[in-house]
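Undergrad: Let me give you the structure first, and then I'll get to my questions.
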Amino acid sequence: MTVSFILNGEDVSANARSVDRLSDTLRDAFGLVGTRSDCRCGRCGRCLVLLNGRLVPSCIVPSIGARGKEIITIEGFAQTEEYRDIVEGFWSAGVETCGFCEGPKILAMADLLERSPRPSPGEILAHMSSVPCRCTDPTAILSAVPAIIERRARRIYRRAGQ
Amino acid sequence: MQASEVYFPKDLAEALEFLRRPGMLVFAGGTGILREQGGRGISLPGEVMFLQEIAELRRTSLTERFLEIGAAVTLSELLEVGDSALPPLLAEAARGVGTPAIRNLATLGGNVAARDRFMDCWPALACLDALVELRDRDGTTWMNVNRLVGSDRRPAFPEGGLVTRFRVPLERWDATLLRKVGPSDYPSSDTAVFAFAARAEKGILVEARIAFAGESALRSPSLESTILGRRLPLSAREAAAAAEGYRALASDLPEGLGLQFGVLVDGAFGLLSR
């Protein structure tokens with residue numbers, strides 16, 4: 001069946017069967033390979049996308065379930081200023097990620113700051129557990145958050161002043 | 001792998017019509033259905049009904065006495081109800097499910113309607129004496145979640161019914177305890193959840209409920225009633241006697257779970273003896 005949804009801000013349609021996972025459709029039909037499809041049971045977090053503004057593992061979402069929804073992948077999120085705030089915040093705090101988890105960790109951080117503008121260390125660690133890849137020092141993630149918040153605040157302040 | 005026929009009912013009436021078809025799979029969050037399907041494709045039965053477009057299953061409402069939660073409310077949305085309205089036992093149970101990303105998909109209805117085992121929220125809801133609304137072709141039934149247990153203590157979910165809503169009584173609790181035992185990341189034969197809630201009036205214990213569930217469930221109102229009416233704090237002897245009754249009840253649990261249950265029961269009655 002044809003499934004229509006909004007992908008990174010554009011109306012799109014894809015041919016999907018009930019057996020297809022959203023992560024595979026994003027990769028195969030749209031070439032969005034920043035969404036990986038590794039564990040296929042929602043545990044590794046490498047397939048995270050924002051579905052209707054919420055972080056979800058797209059490997060346990062059937063493609064047909066995306067009908068009428070809005071999906072943002074790391075490729076789409078990379079076009080935003082929030083993405084830059086997070087990446088620069090990660091750099092400044094020495095957050096090192098591997099090729100598998102960088103995109104999902106950025107999306108997870110974006111989702112966290114959207115729901116909790118000033119998260120506690122407990123909230124940060126709990127939220128980032130959606131991407132359990134052990135390549136990153138959790139203390140670096142903790143120290144990145146104030147840097148990201150500061151960058152975001154400065155950007156908003158600059159824009160307001162223009 | 002064969003493709004299924006899929007349906008997206010717009011309201012409950014349409015969903016109940018689809019539910020008449022034999023073998024129809026109800027799909028809400030899908031985490032319970034897909035968590036063990038690691039292959040390239042998803043395996044679903046011949047006909048699947050997605051509940052995502054039924055607005056009435058996603059509503060939450062609050063009155064003075066009850067919190068009503070639509071069955072397709074996700075665990076993340078449930079947690080967003082906030083600490084002032086959400087009973088701590090239920091909040092803690094929801095928080096213990098998977099990761100935040102999984103909780104954005106997993107629904108309360110799916111958590112309670114699992115057929116093969118009791119999932120994390122059941123013990124909390126059982127302890128709170130929550131009601132579940134079931135709808136089928138014959139109408140609507142409200143049922144205490146404790147009645148979703150068969151005589152063999154295994155899940156006994158009524159066939160052909162659709163979980164549509166939960167009604168959680170909002171009561172004051174003076175002591176609560178919720179603990180997940182076993183491997184934390186995945187439900188398996190050696191995982192279970194322990195829930196305890198107690199309330200006193202003028203220093204007298206008036207409620208003390210314990211629910212424990214994994215592959216099977218334990219809840220004993222008769223055992224609970226034996227300790228009611230005692231003055232708090234309980235003496236060490238009273239607490240030990242109460243815990244002993246529960247140990248006997250758990251004698252047929254797997255050894256590891258039985259031991260952990262005993263420790264948690266001691267801990268729960270320990271809260272009442274301080």
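Within each chain, counting starts at residue 1; across the structure tokens, chains are named A, B, ... in the order shown, with ligands numbered 1 upward in that order.
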Under the rule of at most 10 Å, produce a per-residue listing of chain A near chain B: chain, number, name, the closest pair of atoms, and the distance in Å, as a Markdown table, using only C-alpha atoms.
TA:
| residue | atom | partner | partner_atom | distance |
| --- | --- | --- | --- | --- |
| A:Met1 | CA | B:Val6 | CA | 9.3 |
| A:Ala16 | CA | B:Ala3 | CA | 9.8 |
| A:Arg17 | CA | B:Ala3 | CA | 6.0 |
| A:Ser18 | CA | B:Ala3 | CA | 5.3 |
| A:Val19 | CA | B:Ile42 | CA | 4.3 |
| A:Asp20 | CA | B:Gly41 | CA | 5.6 |
| A:Arg21 | CA | B:Gly41 | CA | 6.7 |
| A:Asp24 | CA | B:Arg40 | CA | 8.5 |
| A:Ser37 | CA | B:Arg40 | CA | 9.0 |
| A:Asp38 | CA | B:Gly38 | CA | 9.1 |
| A:Cys39 | CA | B:Gly38 | CA | 6.7 |
| A:Arg40 | CA | B:Gly38 | CA | 5.0 |
| A:Cys41 | CA | B:Arg35 | CA | 4.8 |
| A:Gly42 | CA | B:Arg35 | CA | 7.0 |
| A:Arg43 | CA | B:Thr99 | CA | 8.3 |
| A:Gly45 | CA | B:Ala101 | CA | 8.2 |
| A:Leu48 | CA | B:Ala101 | CA | 7.9 |
| A:Val49 | CA | B:Ala101 | CA | 9.4 |
| A:Leu50 | CA | B:Ala101 | CA | 9.5 |
| A:Leu51 | CA | B:Asn104 | CA | 9.3 |
| A:Arg54 | CA | B:Asn104 | CA | 6.6 |
| A:Leu55 | CA | B:Ala101 | CA | 5.2 |
| A:Val56 | CA | B:Ala101 | CA | 4.6 |
| A:Pro57 | CA | B:Ala101 | CA | 6.3 |
| A:Ser58 | CA | B:Ala101 | CA | 9.7 |
| A:Cys59 | CA | B:Leu34 | CA | 9.1 |
| A:Ile60 | CA | B:Leu34 | CA | 6.0 |
| A:Val61 | CA | B:Gly30 | CA | 7.3 |
| A:Pro62 | CA | B:Ile42 | CA | 7.6 |
| A:Ile64 | CA | B:Val6 | CA | 8.4 |
| A:Gly65 | CA | B:Phe50 | CA | 7.4 |
| A:Ala66 | CA | B:Gln52 | CA | 9.8 |
| A:Arg67 | CA | B:Gln52 | CA | 9.5 |
| A:Gly68 | CA | B:Glu53 | CA | 9.4 |
| A:Ala108 | CA | B:Ala101 | CA | 8.5 |
| A:Asp111 | CA | B:Ala101 | CA | 9.7 |
| A:Leu112 | CA | B:Pro100 | CA | 9.5 |
| A:Arg115 | CA | B:Glu80 | CA | 9.8 |
| A:Ala126 | CA | B:Pro100 | CA | 7.5 |
| A:His127 | CA | B:Pro100 | CA | 5.8 |
| A:Met128 | CA | B:Pro100 | CA | 8.3 |
| A:Ser129 | CA | B:Thr99 | CA | 6.1 |
| A:Ser130 | CA | B:Thr99 | CA | 5.1 |
| A:Val131 | CA | B:Thr99 | CA | 8.6 |
| A:Pro132 | CA | B:Thr99 | CA | 9.4 |
Undergrad: Give me every helix (DSSP H, G or I) residue in range 43-99 of chain A, going by DSSP on the backbone, as a PyMOL selection string.
TA: chain A and resi 58-60+63-66+74-77+81-92
Undergrad: The selected residues should be written to file as an mmCIF file, in the first residue's frame (atoms: N, CA and C atoms).
TA:
data_model
loop_
_atom_site.group_PDB
_atom_site.id
_atom_site.type_symbol
_atom_site.label_atom_id
_atom_site.label_comp_id
_atom_site.auth_asym_id
_atom_site.auth_seq_id
_atom_site.Cartn_x
_atom_site.Cartn_y
_atom_site.Cartn_z
ATOM 1 N N SER A 58 12.924 3.562 15.154
ATOM 2 C CA SER A 58 12.117 3.348 13.943
ATOM 3 C C SER A 58 12.153 1.897 13.475
ATOM 4 N N CYS A 59 13.038 1.076 14.053
ATOM 5 C CA CYS A 59 13.071 -0.329 13.621
ATOM 6 C C CYS A 59 11.896 -1.117 14.180
ATOM 7 N N ILE A 60 11.225 -0.594 15.217
ATOM 8 C CA ILE A 60 10.042 -1.316 15.713
ATOM 9 C C ILE A 60 8.760 -0.543 15.398
ATOM 10 N N SER A 63 6.370 0.450 8.755
ATOM 11 C CA SER A 63 6.318 1.604 7.848
ATOM 12 C C SER A 63 4.889 2.093 7.658
ATOM 13 N N ILE A 64 3.957 1.163 7.619
ATOM 14 C CA ILE A 64 2.566 1.575 7.395
ATOM 15 C C ILE A 64 2.022 2.371 8.590
ATOM 16 N N GLY A 65 2.641 2.194 9.758
ATOM 17 C CA GLY A 65 2.223 2.949 10.942
ATOM 18 C C GLY A 65 2.641 4.405 10.878
ATOM 19 N N ALA A 66 3.485 4.756 9.904
ATOM 20 C CA ALA A 66 3.925 6.152 9.768
ATOM 21 C C ALA A 66 2.882 6.993 9.054
ATOM 22 N N ILE A 74 18.008 12.286 11.222
ATOM 23 C CA ILE A 74 19.183 13.102 11.523
ATOM 24 C C ILE A 74 19.534 13.999 10.327
ATOM 25 N N GLU A 75 19.265 13.522 9.117
ATOM 26 C CA GLU A 75 19.558 14.352 7.940
ATOM 27 C C GLU A 75 18.689 15.612 7.945
ATOM 28 N N GLY A 76 17.439 15.458 8.320
ATOM 29 C CA GLY A 76 16.548 16.618 8.379
ATOM 30 C C GLY A 76 16.913 17.520 9.541
ATOM 31 N N PHE A 77 17.223 16.915 10.683
ATOM 32 C CA PHE A 77 17.544 17.712 11.863
ATOM 33 C C PHE A 77 18.852 18.484 11.659
ATOM 34 N N GLU A 81 19.130 24.985 13.327
ATOM 35 C CA GLU A 81 20.105 25.660 14.197
ATOM 36 C C GLU A 81 20.301 24.883 15.502
ATOM 37 N N GLU A 82 19.247 24.185 15.917
ATOM 38 C CA GLU A 82 19.356 23.382 17.149
ATOM 39 C C GLU A 82 20.430 22.311 16.985
ATOM 40 N N TYR A 83 20.513 21.791 15.783
ATOM 41 C CA TYR A 83 21.541 20.766 15.510
ATOM 42 C C TYR A 83 22.927 21.351 15.763
ATOM 43 N N ARG A 84 23.118 22.581 15.243
ATOM 44 C CA ARG A 84 24.442 23.203 15.397
ATOM 45 C C ARG A 84 24.759 23.449 16.875
ATOM 46 N N ASP A 85 23.742 23.890 17.621
ATOM 47 C CA ASP A 85 23.958 24.120 19.062
ATOM 48 C C ASP A 85 24.459 22.831 19.721
ATOM 49 N N ILE A 86 23.821 21.728 19.379
ATOM 50 C CA ILE A 86 24.163 20.459 20.037
ATOM 51 C C ILE A 86 25.548 19.980 19.604
ATOM 52 N N VAL A 87 25.813 20.035 18.319
ATOM 53 C CA VAL A 87 27.117 19.557 17.831
ATOM 54 C C VAL A 87 28.251 20.396 18.427
ATOM 55 N N GLU A 88 28.069 21.715 18.437
ATOM 56 C CA GLU A 88 29.119 22.575 19.005
ATOM 57 C C GLU A 88 29.254 22.347 20.507
ATOM 58 N N GLY A 89 28.111 22.117 21.167
ATOM 59 C CA GLY A 89 28.153 21.822 22.604
ATOM 60 C C GLY A 89 28.890 20.524 22.874
ATOM 61 N N PHE A 90 28.647 19.523 22.039
ATOM 62 C CA PHE A 90 29.352 18.243 22.171
ATOM 63 C C PHE A 90 30.856 18.454 21.973
ATOM 64 N N TRP A 91 31.205 19.199 20.950
ATOM 65 C CA TRP A 91 32.639 19.428 20.684
ATOM 66 C C TRP A 91 33.305 20.119 21.866
ATOM 67 N N SER A 92 32.643 21.164 22.341
ATOM 68 C CA SER A 92 33.279 21.963 23.395
ATOM 69 C C SER A 92 33.466 21.145 24.667
#
Undergrad: Which residues in range 68-188 of chain B does DSSP call strand (DSSP E)? List them as a ChimeraX atom specification.
TA: /B:68-70,131-136,139-144,162-169,175-181
Undergrad: Output N, CA and C atoms for every residue in the selection just made, as a PDB file, in the first residue's frame.
TA:
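And here's part_20.pdb as it stands now:
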ATOM      1  N   GLU B  68      -8.413   8.944  34.730  1.00  0.00           N
ATOM      2  CA  GLU B  68      -8.808   8.040  33.646  1.00  0.00           C
ATOM      3  C   GLU B  68      -7.803   8.162  32.514  1.00  0.00           C
ATOM      4  N   ILE B  69      -7.346   7.007  32.049  1.00  0.00           N
ATOM      5  CA  ILE B  69      -6.271   6.982  31.056  1.00  0.00           C
ATOM      6  C   ILE B  69      -6.714   6.137  29.877  1.00  0.00           C
ATOM      7  N   GLY B  70      -6.687   6.711  28.687  1.00  0.00           N
ATOM      8  CA  GLY B  70      -7.026   5.958  27.481  1.00  0.00           C
ATOM      9  C   GLY B  70      -5.999   4.857  27.251  1.00  0.00           C
ATOM     10  N   LEU B 131      -9.424   0.046  37.709  1.00  0.00           N
ATOM     11  CA  LEU B 131     -10.404  -0.639  36.863  1.00  0.00           C
ATOM     12  C   LEU B 131      -9.982  -0.509  35.407  1.00  0.00           C
ATOM     13  N   VAL B 132     -10.342  -1.519  34.631  1.00  0.00           N
ATOM     14  CA  VAL B 132     -10.066  -1.464  33.199  1.00  0.00           C
ATOM     15  C   VAL B 132     -11.400  -1.565  32.468  1.00  0.00           C
ATOM     16  N   GLU B 133     -11.555  -0.730  31.458  1.00  0.00           N
ATOM     17  CA  GLU B 133     -12.774  -0.776  30.647  1.00  0.00           C
ATOM     18  C   GLU B 133     -12.509  -1.648  29.425  1.00  0.00           C
ATOM     19  N   LEU B 134     -13.369  -2.646  29.262  1.00  0.00           N
ATOM     20  CA  LEU B 134     -13.255  -3.536  28.108  1.00  0.00           C
ATOM     21  C   LEU B 134     -14.501  -3.381  27.258  1.00  0.00           C
ATOM     22  N   ARG B 135     -14.289  -3.270  25.974  1.00  0.00           N
ATOM     23  CA  ARG B 135     -15.450  -3.179  25.088  1.00  0.00           C
ATOM     24  C   ARG B 135     -15.428  -4.339  24.111  1.00  0.00           C
ATOM     25  N   ASP B 136     -16.581  -4.884  23.877  1.00  0.00           N
ATOM     26  CA  ASP B 136     -16.711  -5.898  22.834  1.00  0.00           C
ATOM     27  C   ASP B 136     -18.066  -5.716  22.172  1.00  0.00           C
ATOM     28  N   GLY B 139     -21.029  -4.888  24.461  1.00  0.00           N
ATOM     29  CA  GLY B 139     -21.104  -3.660  25.247  1.00  0.00           C
ATOM     30  C   GLY B 139     -19.827  -3.373  26.001  1.00  0.00           C
ATOM     31  N   THR B 140     -19.995  -2.669  27.118  1.00  0.00           N
ATOM     32  CA  THR B 140     -18.849  -2.191  27.896  1.00  0.00           C
ATOM     33  C   THR B 140     -18.834  -2.861  29.262  1.00  0.00           C
ATOM     34  N   THR B 141     -17.671  -3.280  29.693  1.00  0.00           N
ATOM     35  CA  THR B 141     -17.531  -3.883  31.015  1.00  0.00           C
ATOM     36  C   THR B 141     -16.401  -3.180  31.748  1.00  0.00           C
ATOM     37  N   TRP B 142     -16.641  -2.811  32.993  1.00  0.00           N
ATOM     38  CA  TRP B 142     -15.557  -2.313  33.839  1.00  0.00           C
ATOM     39  C   TRP B 142     -15.143  -3.463  34.750  1.00  0.00           C
ATOM     40  N   MET B 143     -13.874  -3.688  34.835  1.00  0.00           N
ATOM     41  CA  MET B 143     -13.392  -4.846  35.582  1.00  0.00           C
ATOM     42  C   MET B 143     -12.148  -4.433  36.385  1.00  0.00           C
ATOM     43  N   ASN B 144     -12.040  -4.938  37.609  1.00  0.00           N
ATOM     44  CA  ASN B 144     -10.828  -4.683  38.386  1.00  0.00           C
ATOM     45  C   ASN B 144      -9.653  -5.401  37.697  1.00  0.00           C
ATOM     46  N   LEU B 162     -11.652  -5.368  23.695  1.00  0.00           N
ATOM     47  CA  LEU B 162     -10.652  -4.329  23.443  1.00  0.00           C
ATOM     48  C   LEU B 162     -10.520  -3.481  24.702  1.00  0.00           C
ATOM     49  N   VAL B 163      -9.305  -3.338  25.200  1.00  0.00           N
ATOM     50  CA  VAL B 163      -9.076  -2.459  26.353  1.00  0.00           C
ATOM     51  C   VAL B 163      -9.216  -1.031  25.861  1.00  0.00           C
ATOM     52  N   THR B 164     -10.057  -0.263  26.504  1.00  0.00           N
ATOM     53  CA  THR B 164     -10.238   1.105  26.018  1.00  0.00           C
ATOM     54  C   THR B 164      -9.817   2.171  27.027  1.00  0.00           C
ATOM     55  N   ARG B 165      -9.903   1.879  28.306  1.00  0.00           N
ATOM     56  CA  ARG B 165      -9.636   2.913  29.296  1.00  0.00           C
ATOM     57  C   ARG B 165      -9.264   2.295  30.647  1.00  0.00           C
ATOM     58  N   PHE B 166      -8.543   3.046  31.446  1.00  0.00           N
ATOM     59  CA  PHE B 166      -8.243   2.641  32.824  1.00  0.00           C
ATOM     60  C   PHE B 166      -8.772   3.720  33.753  1.00  0.00           C
ATOM     61  N   ARG B 167      -9.267   3.289  34.897  1.00  0.00           N
ATOM     62  CA  ARG B 167      -9.708   4.252  35.916  1.00  0.00           C
ATOM     63  C   ARG B 167      -8.916   3.963  37.183  1.00  0.00           C
ATOM     64  N   VAL B 168      -8.065   4.893  37.525  1.00  0.00           N
ATOM     65  CA  VAL B 168      -7.172   4.689  38.675  1.00  0.00           C
ATOM     66  C   VAL B 168      -7.658   5.546  39.835  1.00  0.00           C
ATOM     67  N   PRO B 169      -8.059   4.927  40.958  1.00  0.00           N
ATOM     68  CA  PRO B 169      -8.504   5.713  42.108  1.00  0.00           C
ATOM     69  C   PRO B 169      -7.367   6.589  42.637  1.00  0.00           C
ATOM     70  N   ALA B 175       2.699   4.830  52.550  1.00  0.00           N
ATOM     71  CA  ALA B 175       3.942   4.115  52.228  1.00  0.00           C
ATOM     72  C   ALA B 175       3.737   3.360  50.924  1.00  0.00           C
ATOM     73  N   THR B 176       4.664   3.530  50.018  1.00  0.00           N
ATOM     74  CA  THR B 176       4.599   2.752  48.766  1.00  0.00           C
ATOM     75  C   THR B 176       6.000   2.236  48.446  1.00  0.00           C
ATOM     76  N   LEU B 177       6.027   1.142  47.719  1.00  0.00           N
ATOM     77  CA  LEU B 177       7.311   0.569  47.303  1.00  0.00           C
ATOM     78  C   LEU B 177       7.092  -0.140  45.974  1.00  0.00           C
ATOM     79  N   LEU B 178       7.939   0.149  45.020  1.00  0.00           N
ATOM     80  CA  LEU B 178       7.864  -0.566  43.744  1.00  0.00           C
ATOM     81  C   LEU B 178       9.280  -0.976  43.362  1.00  0.00           C
ATOM     82  N   ARG B 179       9.476  -2.246  43.111  1.00  0.00           N
ATOM     83  CA  ARG B 179      10.801  -2.726  42.722  1.00  0.00           C
ATOM     84  C   ARG B 179      10.673  -3.722  41.587  1.00  0.00           C
ATOM     85  N   LYS B 180      11.600  -3.579  40.651  1.00  0.00           N
ATOM     86  CA  LYS B 180      11.660  -4.519  39.538  1.00  0.00           C
ATOM     87  C   LYS B 180      12.780  -5.492  39.875  1.00  0.00           C
ATOM     88  N   VAL B 181      12.538  -6.770  39.743  1.00  0.00           N
ATOM     89  CA  VAL B 181      13.608  -7.727  40.041  1.00  0.00           C
ATOM     90  C   VAL B 181      13.970  -8.504  38.780  1.00  0.00           C
TER      91      VAL B 181
END
Undergrad: Could you tell me how far CA of Val97 in chain B lies from CA of Leu75 in chain B, in Å and to one decimal?
TA: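 Rounded to one decimal, the two atoms are 8.2 Å apart.
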Undergrad: Can you measure CA of Asn8 in chain A to CA of Ala106 in chain B for me? One decimal in Å is fine.
TA: 23.8 Å
Undergrad: Give me the residues within 8 Å of range 200-202 of chain B as a list in words, counting only C-alpha atoms and dropping any in the same chain fewer than 3 places off.
TA: Asp174, Leu205, Val206, Glu207 and Leu232 of chain B
Undergrad: Using only N, CA and C atoms, please write the residues we just selected to a file, as a tab-separated table (two decimals), in the first residue's frame.
TA:
chain	number	residue	atom	x	y	z
B	174	ASP	N	0.38	6.26	52.44
B	174	ASP	CA	1.43	6.71	53.37
B	174	ASP	C	2.75	6.01	53.10
B	205	LEU	N	-3.50	0.82	60.80
B	205	LEU	CA	-3.31	0.39	59.42
B	205	LEU	C	-4.67	0.01	58.80
B	206	VAL	N	-5.05	0.73	57.74
B	206	VAL	CA	-6.36	0.44	57.13
B	206	VAL	C	-6.23	-0.19	55.74
B	207	GLU	N	-5.08	-0.05	55.11
B	207	GLU	CA	-4.85	-0.70	53.81
B	207	GLU	C	-3.39	-1.14	53.75
B	232	LEU	N	0.20	1.30	64.19
B	232	LEU	CA	1.54	1.53	63.64
B	232	LEU	C	2.38	2.30	64.65
Undergrad: I need the residue nearest Gly82 in chain B from this list: B:Phe269, B:Leu125, B:Thr60, B:Leu19. Use only C-alpha atoms for the distance.
TA: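 Looking at the shortest contact to Gly82 in chain B, the residue is B:Thr60.
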Undergrad: Could you state the separation of CA of Val3 in chain A and CA of Thr25 in chain A in Å, given to one decimal place?
TA: 10.7 Å
Undergrad: Between A:Gly99, A:Gly9, A:Pro138, A:Gly161, single out the one closest to Val33 in chain A, counting only C-alpha atoms.
TA: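 Between A:Gly99, A:Gly9, A:Pro138, A:Gly161, the residue approaching Val33 in chain A most closely is A:Gly99.
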Undergrad: Of the residues B:Ala248, B:Leu170, B:Leu264, B:Ala211, which is the one nearest to Cys121 in chain B, using only C-alpha atoms?
TA: B:Ala211
Undergrad: Which neighbours of Ala140 in chain A fall inside 8 Å, counting only C-alpha atoms, when residues of the same chain fewer than 6 positions from it are skipped, and could you give them as a PyMOL selection string?
TA: chain A and resi 90+93-95
